[in-house]
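Undergrad: Structure file data-v1.cif (mmCIF, C-alpha atoms) right here:
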```
data_run
#
loop_
_atom_site.label_atom_id
_atom_site.label_comp_id
_atom_site.auth_asym_id
_atom_site.auth_seq_id
_atom_site.Cartn_x
_atom_site.Cartn_y
_atom_site.Cartn_z
CA MET A 1 62.51 139.26 222.47
CA CYS A 2 62.24 136.35 220.03
CA GLY A 3 59.67 138.25 218.02
CA VAL A 4 61.91 141.11 216.87
CA LYS A 5 62.90 141.38 213.21
CA MET A 6 66.18 140.21 211.74
CA GLN A 7 68.93 142.26 213.30
CA ASP A 8 69.89 145.39 211.39
CA PRO A 9 73.53 146.60 211.37
CA ALA A 10 72.41 149.76 213.11
CA ILE A 11 71.39 147.74 216.19
CA HIS A 12 74.23 145.24 215.97
CA ASN A 13 74.82 145.27 219.71
CA SER A 14 71.45 143.64 220.45
CA SER A 15 71.63 140.71 222.85
CA ILE A 16 70.03 138.55 220.16
CA HIS A 17 72.84 137.19 218.03
CA THR A 18 72.78 136.61 214.31
CA VAL A 19 74.57 133.75 212.56
CA LEU A 20 75.09 133.17 208.83
CA LEU A 21 75.53 129.56 207.70
CA VAL A 22 77.37 129.10 204.40
CA GLY A 23 77.62 125.61 202.94
CA TYR A 24 76.50 123.42 200.07
CA GLY A 25 72.80 123.82 200.65
CA GLY A 26 70.17 123.44 197.96
CA ALA A 27 71.78 120.53 196.10
CA ASN A 28 69.74 117.66 197.59
CA ASN A 29 72.98 116.36 199.05
CA THR A 30 72.12 114.13 202.01
CA GLY A 31 75.37 114.79 203.87
CA ALA A 32 75.22 118.55 203.39
CA ASP A 33 71.55 118.63 204.40
CA VAL A 34 72.19 116.67 207.58
CA ARG A 35 75.14 118.92 208.44
CA LEU A 36 72.96 121.99 207.91
CA MET A 37 70.20 120.68 210.16
CA LYS A 38 72.69 119.83 212.89
CA ALA A 39 74.48 123.18 212.54
CA ILE A 40 71.20 125.01 213.12
CA GLU A 41 70.54 122.88 216.21
CA ASP A 42 74.05 123.59 217.51
CA VAL A 43 73.67 127.34 216.99
CA ARG A 44 70.37 127.39 218.85
CA GLU A 45 71.86 125.40 221.72
CA CYS A 46 75.00 127.51 222.04
CA PHE A 47 73.85 131.03 221.11
CA GLY A 48 70.29 130.79 222.43
CA LYS A 49 66.95 129.70 221.01
CA CYS A 50 66.18 133.25 219.83
CA THR A 51 69.31 133.43 217.67
CA ARG A 52 68.62 134.72 214.15
CA VAL A 53 69.95 132.15 211.70
CA THR A 54 70.35 132.84 207.99
CA VAL A 55 70.98 129.90 205.70
CA ALA A 56 72.73 130.64 202.40
CA THR A 57 71.62 128.20 199.71
CA LEU A 58 71.95 127.46 196.01
CA ASP A 59 68.23 126.67 195.76
CA LYS A 60 65.57 127.83 198.24
CA VAL A 61 62.99 125.27 197.11
CA LYS A 62 65.32 122.33 197.74
CA THR A 63 66.46 123.73 201.08
CA ALA A 64 62.81 124.18 202.10
CA ARG A 65 62.58 120.38 202.30
CA ILE A 66 64.73 120.44 205.44
CA VAL A 67 64.66 124.04 206.76
CA ARG A 68 61.42 125.83 207.52
CA GLU A 69 61.57 129.62 207.55
CA ASP A 70 60.12 131.37 210.58
CA LYS A 71 60.70 134.53 212.60
CA ASN A 72 64.14 133.28 213.65
CA THR A 73 65.17 131.39 210.52
CA ARG A 74 65.78 132.92 207.13
CA VAL A 75 66.84 131.21 203.89
CA VAL A 76 68.50 133.28 201.17
CA ARG A 77 69.44 132.20 197.68
CA ILE A 78 73.02 132.99 196.73
CA PRO A 79 73.34 134.07 193.07
CA LYS A 80 76.04 132.65 190.83
CA LEU A 81 77.80 136.00 190.96
CA PHE A 82 77.82 135.93 194.74
CA LEU A 83 80.31 138.61 195.81
CA TRP A 84 77.97 141.42 196.80
CA ARG A 85 75.22 139.24 198.30
CA ILE A 86 77.62 137.26 200.46
CA PHE A 87 79.40 140.42 201.64
CA ARG A 88 76.08 142.04 202.58
CA GLU A 89 74.96 138.98 204.52
CA ALA A 90 78.29 138.63 206.33
CA TYR A 91 78.09 142.32 207.29
CA ARG A 92 74.61 141.86 208.75
CA HIS A 93 75.58 138.93 211.02
CA ASP A 94 77.67 138.56 214.14
CA VAL A 95 79.20 135.27 213.00
CA THR A 96 79.70 133.62 209.62
CA MET A 97 80.02 129.84 209.89
CA LEU A 98 81.39 127.74 207.04
CA VAL A 99 79.45 124.49 207.42
CA GLU A 100 80.39 122.56 204.27
CA GLY A 101 82.54 119.53 204.97
CA SER A 102 84.70 120.14 201.89
CA THR A 103 85.52 123.74 202.81
CA PHE A 104 89.27 123.51 202.22
CA VAL A 105 88.97 121.38 199.07
CA ASP A 106 88.94 122.57 195.47
CA HIS A 107 88.63 119.43 193.33
CA TRP A 108 84.81 119.62 193.21
CA SER A 109 84.73 123.22 192.06
CA CYS A 110 87.02 126.18 192.60
CA SER A 111 83.89 128.36 192.52
CA LEU A 112 82.54 126.74 195.67
CA PHE A 113 85.92 127.03 197.35
CA TYR A 114 86.03 130.76 196.49
CA LEU A 115 82.48 131.18 197.81
CA PHE A 116 83.54 129.82 201.20
CA MET A 117 86.73 131.85 201.31
CA TRP A 118 84.91 135.02 200.26
CA ALA A 119 82.32 134.56 203.00
CA ALA A 120 85.01 134.34 205.69
CA PHE A 121 86.94 137.25 204.15
CA SER A 122 83.77 139.37 204.04
CA ALA A 123 83.16 138.74 207.73
CA LYS A 124 86.68 139.86 208.54
CA VAL A 125 86.37 143.04 206.48
CA ALA A 126 83.04 143.77 208.16
CA GLY A 127 84.61 143.39 211.61
CA ARG A 128 82.64 140.21 212.37
CA LYS A 129 83.79 136.76 213.37
CA SER A 130 84.03 133.69 211.18
CA VAL A 131 84.66 130.00 211.89
CA ALA A 132 85.02 126.83 209.86
CA TYR A 133 82.77 124.30 211.57
CA ALA A 134 83.77 120.61 211.51
CA VAL A 135 85.31 120.75 208.04
CA ASP A 136 87.85 118.80 206.04
CA ALA A 137 91.03 119.74 204.20
CA GLY A 138 92.39 118.19 201.02
CA LYS A 139 94.74 118.84 198.17
CA LEU A 140 94.68 122.42 196.93
CA GLY A 141 96.38 124.14 194.04
CA ASN A 142 99.27 126.43 194.97
CA TRP A 143 97.26 129.65 194.75
CA ASN A 144 94.25 128.18 196.54
CA ARG A 145 96.47 126.77 199.28
CA ARG A 146 97.94 130.22 199.95
CA LEU A 147 94.46 131.74 199.90
CA ALA A 148 93.13 129.11 202.31
CA VAL A 149 95.94 129.77 204.78
CA ALA A 150 95.46 133.55 204.59
CA ILE A 151 91.72 133.26 205.20
CA ALA A 152 91.92 130.56 207.90
CA ASN A 153 94.44 132.63 209.87
CA ARG A 154 91.85 135.39 210.11
CA MET A 155 89.14 133.15 211.56
CA ALA A 156 88.27 132.97 215.24
CA PHE A 157 89.12 129.26 215.01
CA VAL A 158 88.89 126.28 212.69
CA ILE A 159 87.24 123.00 213.67
CA THR A 160 88.19 119.98 211.59
CA ARG A 161 86.34 116.68 211.57
CA THR A 162 89.49 114.53 211.68
CA GLU A 163 92.96 114.73 213.17
CA ALA A 164 94.36 114.26 209.65
CA ALA A 165 92.59 117.40 208.40
CA LYS A 166 93.98 119.38 211.33
CA ALA A 167 97.49 118.14 210.54
CA LYS A 168 97.11 119.14 206.88
CA LEU A 169 96.09 122.67 207.74
CA GLU A 170 98.94 123.02 210.21
CA THR A 171 101.38 121.72 207.60
CA MET A 172 100.01 124.25 205.10
CA GLY A 173 100.82 127.05 207.54
CA VAL A 174 97.55 127.76 209.37
CA THR A 175 98.39 129.25 212.76
CA ALA A 176 94.87 130.09 213.92
CA PRO A 177 93.51 127.79 216.64
CA ILE A 178 92.54 124.43 215.12
CA HIS A 179 90.46 121.85 216.97
CA ALA A 180 89.88 118.31 215.69
CA THR A 181 86.45 116.94 216.59
CA ALA A 182 83.98 114.95 214.47
CA ASP A 183 81.59 115.52 211.59
CA LEU A 184 78.26 117.19 212.36
CA ALA A 185 76.42 114.15 210.99
CA VAL A 186 77.70 112.03 213.88
CA GLY A 187 74.79 111.50 216.25
CA PHE A 188 72.12 112.30 213.66
CA LEU A 189 68.79 110.51 214.15
CA PRO A 190 69.58 108.79 217.47
CA GLU A 191 67.05 105.99 217.30
CA PRO A 192 67.30 102.31 218.28
CA ARG A 193 69.56 100.26 216.04
CA PRO A 194 67.77 98.20 213.39
CA LEU A 195 67.03 94.62 214.31
CA PRO A 196 69.49 92.03 212.95
CA ARG A 197 68.50 90.29 209.74
CA ALA A 198 66.15 87.41 210.42
CA VAL A 199 67.38 83.89 209.75
CA GLY A 200 66.70 83.06 206.12
CA ALA A 201 66.02 86.69 205.13
CA PRO A 202 67.85 88.01 202.05
CA LEU A 203 71.20 89.70 202.48
CA ARG A 204 70.84 93.48 202.34
CA VAL A 205 73.60 95.36 200.51
CA ALA A 206 73.70 99.13 199.96
CA VAL A 207 75.83 100.69 197.23
CA ALA A 208 76.42 104.48 197.28
CA PRO A 209 78.32 105.38 194.08
CA ILE A 210 79.59 108.65 192.75
CA GLU A 211 80.44 109.85 189.27
CA PHE A 212 84.16 110.38 189.74
CA PHE A 213 84.96 111.54 186.24
CA HIS A 214 82.93 114.68 185.52
CA TRP A 215 84.52 116.77 188.27
CA PRO A 216 85.58 119.50 188.69
CA VAL A 217 82.83 121.86 187.61
CA ARG A 218 84.36 124.76 185.67
CA LEU A 219 83.18 128.24 184.73
CA ARG A 220 82.59 128.48 180.96
CA GLY A 221 80.65 130.78 178.68
CA TRP A 222 79.20 127.89 176.69
CA GLY A 223 79.38 124.14 176.23
CA LYS A 224 77.29 121.06 175.48
CA ARG A 225 73.88 121.15 177.07
CA GLN A 226 74.24 117.66 178.56
CA ASP A 227 77.49 118.73 180.23
CA CYS A 228 75.96 121.78 181.95
CA TYR A 229 75.74 121.62 185.72
CA SER A 230 74.09 125.02 186.08
CA TRP A 231 75.02 127.71 183.59
CA PRO A 232 77.70 129.02 183.41
CA TYR A 233 79.20 125.97 185.20
CA TYR A 234 80.01 122.83 183.22
CA PHE A 235 81.26 119.37 184.10
CA THR A 236 84.73 118.39 182.90
CA TRP A 237 84.04 115.63 180.38
CA THR A 238 86.53 114.22 177.86
CA GLU A 239 86.37 111.03 175.78
CA GLN A 240 88.85 109.36 178.13
CA ARG A 241 86.83 110.36 181.16
CA LYS A 242 83.69 108.92 179.56
CA LEU A 243 85.48 105.62 178.94
CA SER A 244 86.69 105.57 182.55
CA SER A 245 83.16 106.26 183.74
CA SER A 246 81.80 103.35 181.67
CA ARG A 247 84.44 101.07 183.19
CA MET A 248 83.42 102.09 186.72
CA ILE A 249 79.73 101.59 185.97
CA GLY A 250 80.60 98.10 184.75
CA ILE A 251 82.48 97.35 187.97
CA TYR A 252 79.54 98.45 190.12
CA SER A 253 77.09 96.54 187.91
CA ARG A 254 78.99 93.26 187.91
CA PHE A 255 79.51 93.48 191.66
CA ILE A 256 75.77 93.93 192.23
CA GLU A 257 74.99 91.10 189.84
CA ARG A 258 77.29 88.72 191.73
CA CYS A 259 75.76 89.72 195.06
CA ALA A 260 72.28 89.08 193.71
CA GLN A 261 73.04 85.82 191.93
CA GLU A 262 75.47 84.17 194.32
CA TYR A 263 73.94 85.31 197.62
CA GLY A 264 70.37 86.23 196.69
CA ALA A 265 71.06 89.70 198.03
CA LYS A 266 68.59 92.57 197.97
CA VAL A 267 70.66 95.51 196.73
CA THR A 268 69.79 99.17 197.21
CA ILE A 269 71.64 101.70 195.06
CA VAL A 270 71.71 104.97 197.01
CA ALA A 271 72.09 108.36 195.35
CA MET A 272 73.36 110.42 198.28
CA GLU A 273 73.21 113.57 196.13
CA GLU A 274 70.82 114.43 193.33
CA LEU A 275 73.78 114.44 190.93
CA ASP A 276 74.42 110.77 191.77
CA THR A 277 71.02 109.74 190.46
CA ARG A 278 72.18 109.44 186.86
CA ILE A 279 75.07 107.08 187.59
CA CYS A 280 72.73 104.99 189.76
CA GLU A 281 70.30 104.76 186.84
CA LYS A 282 73.11 103.81 184.47
CA ILE A 283 74.19 101.00 186.80
CA LEU A 284 70.62 99.73 186.97
CA GLU A 285 70.26 99.89 183.17
CA THR A 286 73.25 97.58 182.70
CA LEU A 287 71.93 94.86 185.02
CA PRO A 288 70.10 91.79 183.64
CA ALA A 289 66.34 92.29 183.53
CA HIS A 290 65.65 89.21 185.66
CA LEU A 291 67.47 90.80 188.61
CA THR A 292 65.45 94.00 188.73
CA GLN A 293 63.17 92.63 191.46
CA GLN A 294 66.19 92.41 193.75
CA ILE A 295 67.45 95.93 193.01
CA GLU A 296 66.04 99.32 193.96
CA ILE A 297 67.23 102.93 193.90
CA HIS A 298 66.81 105.49 196.63
CA SER A 299 67.65 109.01 195.47
CA SER A 300 68.05 112.09 197.64
CA SER A 301 66.11 114.02 195.00
CA VAL A 302 63.02 112.07 196.11
CA SER A 303 63.82 110.66 199.58
CA ASP A 304 64.53 112.98 202.50
CA PRO A 305 67.64 112.52 204.67
CA PHE A 306 65.70 110.55 207.30
CA THR A 307 64.65 107.96 204.71
CA ILE A 308 68.15 107.70 203.22
CA VAL A 309 69.69 107.22 206.67
CA ARG A 310 67.27 104.42 207.53
CA VAL A 311 68.08 102.66 204.26
CA LEU A 312 71.79 102.81 205.06
CA ARG A 313 71.40 101.61 208.65
CA ASN A 314 69.12 98.73 207.68
CA SER A 315 71.79 97.34 205.35
CA ASP A 316 73.96 94.38 206.28
CA TYR A 317 76.88 95.70 204.20
CA LEU A 318 77.74 98.99 202.55
CA ILE A 319 79.89 99.78 199.51
CA THR A 320 80.37 103.53 199.42
CA SER A 321 82.13 106.29 197.56
CA ARG A 322 80.28 108.90 199.61
CA TYR A 323 81.75 110.08 202.92
CA HIS A 324 78.39 110.64 204.58
CA ALA A 325 77.01 107.25 203.62
CA SER A 326 79.81 105.91 205.80
CA VAL A 327 79.29 108.34 208.69
CA LEU A 328 75.50 108.08 208.72
CA SER A 329 75.60 104.27 208.78
CA LEU A 330 78.00 104.27 211.74
CA PRO A 331 75.38 104.19 214.55
CA ALA A 332 74.29 100.79 213.21
CA GLY A 333 77.89 99.62 212.84
CA VAL A 334 77.31 98.64 209.20
CA PRO A 335 80.40 96.76 207.90
CA GLN A 336 81.63 98.61 204.83
CA ILE A 337 84.04 99.05 201.96
CA ALA A 338 85.05 102.40 200.49
CA ILE A 339 85.92 103.11 196.87
CA GLY A 340 87.55 106.49 197.35
CA HIS A 341 88.92 109.26 195.21
CA ASP A 342 90.23 111.74 197.78
CA ASP A 343 91.49 111.94 201.35
CA ARG A 344 88.15 112.19 203.14
CA LEU A 345 87.09 108.55 203.13
CA GLU A 346 90.66 107.37 203.51
CA THR A 347 91.24 109.39 206.66
CA ILE A 348 88.04 108.32 208.37
CA TYR A 349 88.71 104.70 207.41
CA GLU A 350 92.02 105.11 209.18
CA GLU A 351 90.08 106.14 212.27
CA TYR A 352 87.84 103.10 211.82
CA GLY A 353 90.87 100.83 211.51
CA LEU A 354 89.61 99.72 208.08
CA ARG A 355 91.93 101.58 205.72
CA ASP A 356 94.40 98.83 204.84
CA ALA A 357 91.83 96.11 204.14
CA TYR A 358 88.71 97.98 203.05
CA PHE A 359 89.71 101.28 201.45
CA LEU A 360 90.15 100.92 197.68
CA LYS A 361 91.25 103.63 195.29
CA TYR A 362 88.97 104.11 192.30
CA THR A 363 91.96 104.20 189.93
CA GLU A 364 93.28 100.74 190.88
CA GLU A 365 93.90 98.48 187.87
CA ALA A 366 92.49 95.38 189.55
CA LEU A 367 89.67 97.21 191.30
CA GLU A 368 86.92 94.77 190.32
CA GLU A 369 88.68 91.72 191.73
CA ARG A 370 89.92 93.58 194.80
CA LEU A 371 86.38 94.77 195.51
CA TRP A 372 84.98 91.26 195.38
CA GLN A 373 87.74 89.80 197.55
CA ALA A 374 87.25 92.62 200.06
CA PHE A 375 83.53 91.88 200.10
CA LEU A 376 84.13 88.19 200.83
CA SER A 377 86.47 89.22 203.65
CA LEU A 378 83.88 91.69 204.93
CA MET A 379 81.22 88.98 205.12
CA ALA A 380 83.60 86.67 206.97
CA SER A 381 84.59 89.36 209.49
CA GLY A 382 81.35 91.37 209.55
CA ALA A 383 80.34 90.66 213.13
CA ALA A 384 83.71 91.73 214.55
CA ILE A 385 83.81 94.83 212.32
CA GLN A 386 80.32 95.80 213.41
CA ARG A 387 81.22 95.50 217.10
CA ASN A 388 84.29 97.67 216.57
CA LEU A 389 82.37 100.35 214.65
CA LEU A 390 79.68 100.47 217.33
CA ARG A 391 82.33 100.84 220.01
CA LEU A 392 84.08 103.63 218.08
CA HIS A 393 80.80 105.44 217.56
CA GLU A 394 80.00 105.43 221.28
CA GLU A 395 83.46 105.86 222.75
CA TYR A 396 85.29 107.96 220.15
CA PHE A 397 83.05 109.80 217.68
CA LEU A 398 80.18 110.88 219.93
CA PRO A 399 82.47 112.40 222.61
CA ARG A 400 84.41 114.25 219.90
CA ARG A 401 81.16 115.45 218.35
CA ARG A 402 80.19 116.99 221.71
CA LEU A 403 83.37 119.08 221.61
CA ASN A 404 81.76 121.11 218.81
CA ILE A 405 79.14 122.33 221.26
CA ALA A 406 81.76 123.33 223.82
CA LEU A 407 83.75 125.31 221.24
CA LEU A 408 80.68 127.01 219.81
CA THR A 409 79.50 127.95 223.29
CA LYS A 410 82.87 129.57 223.96
CA LEU A 411 82.50 131.58 220.75
CA SER A 412 79.00 132.74 221.74
CA MET A 413 80.32 133.91 225.12
CA SER A 414 82.98 136.01 223.38
CA LEU A 415 80.19 138.03 221.72
CA GLU A 416 78.68 139.15 225.02
#
```
Show me, as structure tokens, the structure contained in the file I just sent.

TA:
Amino acid sequence: MCGVKMQDPAIHNSSIHTVLLVGYGGANNTGADVRLMKAIEDVRECFGKCTRVTVATLDKVKTARIVREDKNTRVVRIPKLFLWRIFREAYRHDVTMLVEGSTFVDHWSCSLFYLFMWAAFSAKVAGRKSVAYAVDAGKLGNWNRRLAVAIANRMAFVITRTEAAKAKLETMGVTAPIHATADLAVGFLPEPRPLPRAVGAPLRVAVAPIEFFHWPVRLRGWGKRQDCYSWPYYFTWTEQRKLSSSRMIGIYSRFIERCAQEYGAKVTIVAMEELDTRICEKILETLPAHLTQQIEIHSSSVSDPFTIVRVLRNSDYLITSRYHASVLSLPAGVPQIAIGHDDRLETIYEEYGLRDAYFLKYTEEALEERLWQAFLSLMASGAAIQRNLLRLHEEYFLPRRRLNIALLTKLSMSLE
């Protein structure tokens, strides 16, 4: 049976199920790529190994790095004008799964938010099921909030990756079943923890920055070439935003310089998404030339998710503005500080018990000094923090992650 062709609507009652995965694929985003790989594994486990999985992506070549097409796996590129293609794919599949963590968030791009909402709406119109799978919820504009509620209430269920996200959706007015579990990246690459740093070996510090100031991406007919994300989408740059970006680059740079000079640290700057590569390069360009031997960059545009994850877990300390740098370092219990710009890192740091001391807002006036003082505190308390993070990973996050499988299995049974 596994050798039959992709299910046609005319034979929609076949015992072989079809699942459409819609997320942020094709951007060389480490977190999104890991989530996609785990979502495919979950679907195969819960719906059966012969399940036909279609992956919607922004770029087939980039997605091919992590997903290999075969008789049961199909990758389709979603055009910028996505309405018809998404509707057709949702119609052809039993279930449409929204697998992007930032599903109910619009500050990155309203276009992505509308893509996710349209996919779920299309499934409903086609008489199919849709689910949001281990997603987050953040601040939404008034119209987008109403749209999110209307769409979510037509889903089979919503799974959030934190209790806080579940509470937000309920407060917004979502009445569909909501289950709080854990992010799909939890449990990725279950290998032995890295060995502790040898006595006398250099301190290993990972820094995962983000360019806070060019978001959101907006739809425009034209604009400056250097501001183009992918026509017709452009970053939101202003002179003030550029000044703020330069200030943040300086904060990262001076922090790294102090780590290298005062502690002899080996620092790895990690671009968790291809778009982060430029800010990582700018940070490196501002550092003194004599420190370059102690600094390296790992970019997701070159390194696959497995390599990036090993870099994170082999670090002694992590400074991150990326949610998945935090989650993917958790199995090694890496003590960490977040410089956050939205609710996602803040809510998971609350679950870690680190929010009050180690979550910093990127807009803070005294951010540079607060970051350094937090780092000194982190080094003093690192062993205790690591033990607590390891305990939470084993006793809290992994059991919650397994709930995703139980819920997805229940959904598959409802299709029989």

Undergrad: Given the choices A:Arg225, A:Arg161, A:Arg193, A:His324, which gets closest to Thr181 of chain A if the distance is worked out from all atoms listed in the file?

TA: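 Smallest distance to Thr181 of chain A is found for A:Arg161.
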
Undergrad: Taking the file as shown, find all residues satisfying the PyMOL selection byres ((chain A and resi 105) around 7) and write them as number ranges by chain.

TA: A: 102-104, 106-107, 113, 137-140

Undergrad: Residues near Val125 of chain A, anyone? I mean within 12 Å using all atoms listed in the file, not counting same-chain ones fewer than 2 positions away, as a ChimeraX atom specification.

TA: /A:87-88,90-91,96,118-123,127-130,151,154-155

Undergrad: If you count all atoms listed in the file, which residues fall within 12 Å of segment 162-169 of chain A, apart from same-chain ones fewer than 6 positions away, as a PyMOL selection string?

TA: chain A and resi 101-105+132-140+145-146+148-153+175-184+343-352+396-397+400-401

Undergrad: Find, counting only C-alpha atoms, the residue in A:Ile385, A:Leu112, A:Ala271, A:Leu20 that gets nearest to Leu312 of chain A.

TA: A:Ala271

Undergrad: Running the PyMOL selection byres ((chain A and resi 260) around 10) on this model by hand, what would come out? Give it as a PyMOL selection string.

TA: chain A and resi 202-205+254-259+261-267+291-292+294-295

Undergrad: What gap, in Å, lies between atom CA of Asp304 of chain A and atom CA of Val61 of chain A?

TA: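 Atom CA of Val61 of chain A lies 13.5 Å from atom CA of Asp304 of chain A.
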
Undergrad: Would you mind reading off the distance between atom CA of Val43 of chain A and atom CA of Ser300 of chain A, one decimal, in Å?

TA: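 Straight-line distance from atom CA of Val43 of chain A to atom CA of Ser300 of chain A works out to 25.3 Å.
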
Undergrad: I need the residue set behind the PyMOL selection byres ((chain A and resi 218) around 7) for this file; please write it as a PyMOL selection string.

TA: chain A and resi 109+216-217+219-220+233-236

Undergrad: Please write the residues from the selection above to a file, keeping C-alpha atoms, as a short mmCIF file (atom, residue, chain, number, x, y, z; two decimals), in the coordinates of the input.

TA:
```cif
data_model
loop_
_atom_site.label_atom_id
_atom_site.label_comp_id
_atom_site.auth_asym_id
_atom_site.auth_seq_id
_atom_site.Cartn_x
_atom_site.Cartn_y
_atom_site.Cartn_z
CA SER A 109 84.73 123.22 192.06
CA PRO A 216 85.58 119.50 188.69
CA VAL A 217 82.83 121.86 187.61
CA LEU A 219 83.18 128.24 184.73
CA ARG A 220 82.59 128.48 180.96
CA TYR A 233 79.20 125.97 185.20
CA TYR A 234 80.01 122.83 183.22
CA PHE A 235 81.26 119.37 184.10
CA THR A 236 84.73 118.39 182.90
#
```

Undergrad: Taking (84.3, 98.4, 201.5) in the file's own coordinates, collect the residues within 8 Å, counting all atoms listed in the file, and hand them back as a PyMOL selection string.

TA: chain A and resi 318-320+335-339+358-360+371+374-375+378

Undergrad: Using the selection just defined, write its residues with C-alpha atoms as a PDB file, in the frame of the given file.

TA:
```
ATOM      1  CA  LEU A 318      77.740  98.990 202.550  1.00  0.00           C
ATOM      2  CA  ILE A 319      79.890  99.780 199.510  1.00  0.00           C
ATOM      3  CA  THR A 320      80.370 103.530 199.420  1.00  0.00           C
ATOM      4  CA  PRO A 335      80.400  96.760 207.900  1.00  0.00           C
ATOM      5  CA  GLN A 336      81.630  98.610 204.830  1.00  0.00           C
ATOM      6  CA  ILE A 337      84.040  99.050 201.960  1.00  0.00           C
ATOM      7  CA  ALA A 338      85.050 102.400 200.490  1.00  0.00           C
ATOM      8  CA  ILE A 339      85.920 103.110 196.870  1.00  0.00           C
ATOM      9  CA  TYR A 358      88.710  97.980 203.050  1.00  0.00           C
ATOM     10  CA  PHE A 359      89.710 101.280 201.450  1.00  0.00           C
ATOM     11  CA  LEU A 360      90.150 100.920 197.680  1.00  0.00           C
ATOM     12  CA  LEU A 371      86.380  94.770 195.510  1.00  0.00           C
ATOM     13  CA  ALA A 374      87.250  92.620 200.060  1.00  0.00           C
ATOM     14  CA  PHE A 375      83.530  91.880 200.100  1.00  0.00           C
ATOM     15  CA  LEU A 378      83.880  91.690 204.930  1.00  0.00           C
TER      16      LEU A 378
END
```

Undergrad: Kindly indicate which residue among A:Tyr24, A:Tyr252, A:Phe188, A:Trp215 lies nearest to Glu285 of chain A, using all atoms listed in the file for the distances.

TA: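 Closest residue, counting all atoms listed in the file: A:Tyr252.
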
Undergrad: What lies within 12 Å of Ser245 of chain A using all atoms listed in the file, ignoring chain neighbours under 6 positions off, as an mmCIF file with C-alpha atoms, keeping the file's coordinate frame?

TA:
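Written output follows (selection06.cif):
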```cif
data_model
loop_
_atom_site.group_PDB
_atom_site.id
_atom_site.type_symbol
_atom_site.label_atom_id
_atom_site.label_comp_id
_atom_site.auth_asym_id
_atom_site.auth_seq_id
_atom_site.Cartn_x
_atom_site.Cartn_y
_atom_site.Cartn_z
ATOM 1 C CA PRO A 209 78.320 105.380 194.080
ATOM 2 C CA ILE A 210 79.590 108.650 192.750
ATOM 3 C CA GLU A 211 80.440 109.850 189.270
ATOM 4 C CA PHE A 212 84.160 110.380 189.740
ATOM 5 C CA PHE A 213 84.960 111.540 186.240
ATOM 6 C CA HIS A 214 82.930 114.680 185.520
ATOM 7 C CA TRP A 215 84.520 116.770 188.270
ATOM 8 C CA TRP A 237 84.040 115.630 180.380
ATOM 9 C CA THR A 238 86.530 114.220 177.860
ATOM 10 C CA GLU A 239 86.370 111.030 175.780
ATOM 11 C CA ILE A 251 82.480 97.350 187.970
ATOM 12 C CA TYR A 252 79.540 98.450 190.120
ATOM 13 C CA ARG A 278 72.180 109.440 186.860
ATOM 14 C CA ILE A 279 75.070 107.080 187.590
ATOM 15 C CA LYS A 282 73.110 103.810 184.470
ATOM 16 C CA ILE A 283 74.190 101.000 186.800
ATOM 17 C CA TYR A 362 88.970 104.110 192.300
ATOM 18 C CA THR A 363 91.960 104.200 189.930
#
```

Undergrad: Nearest to Asp276 of chain A: which of A:His298, A:Lys71, A:His290, A:Lys410 is it, counting all atoms listed in the file?

TA: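 Result for the nearest residue to Asp276 of chain A: A:His298.
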
Undergrad: Would you please work out which residue, of A:Arg85, A:Val327, A:Val174, A:Phe116, is nearest to Leu398 of chain A when using all atoms listed in the file?

TA: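 Smallest distance to Leu398 of chain A is found for A:Val327.
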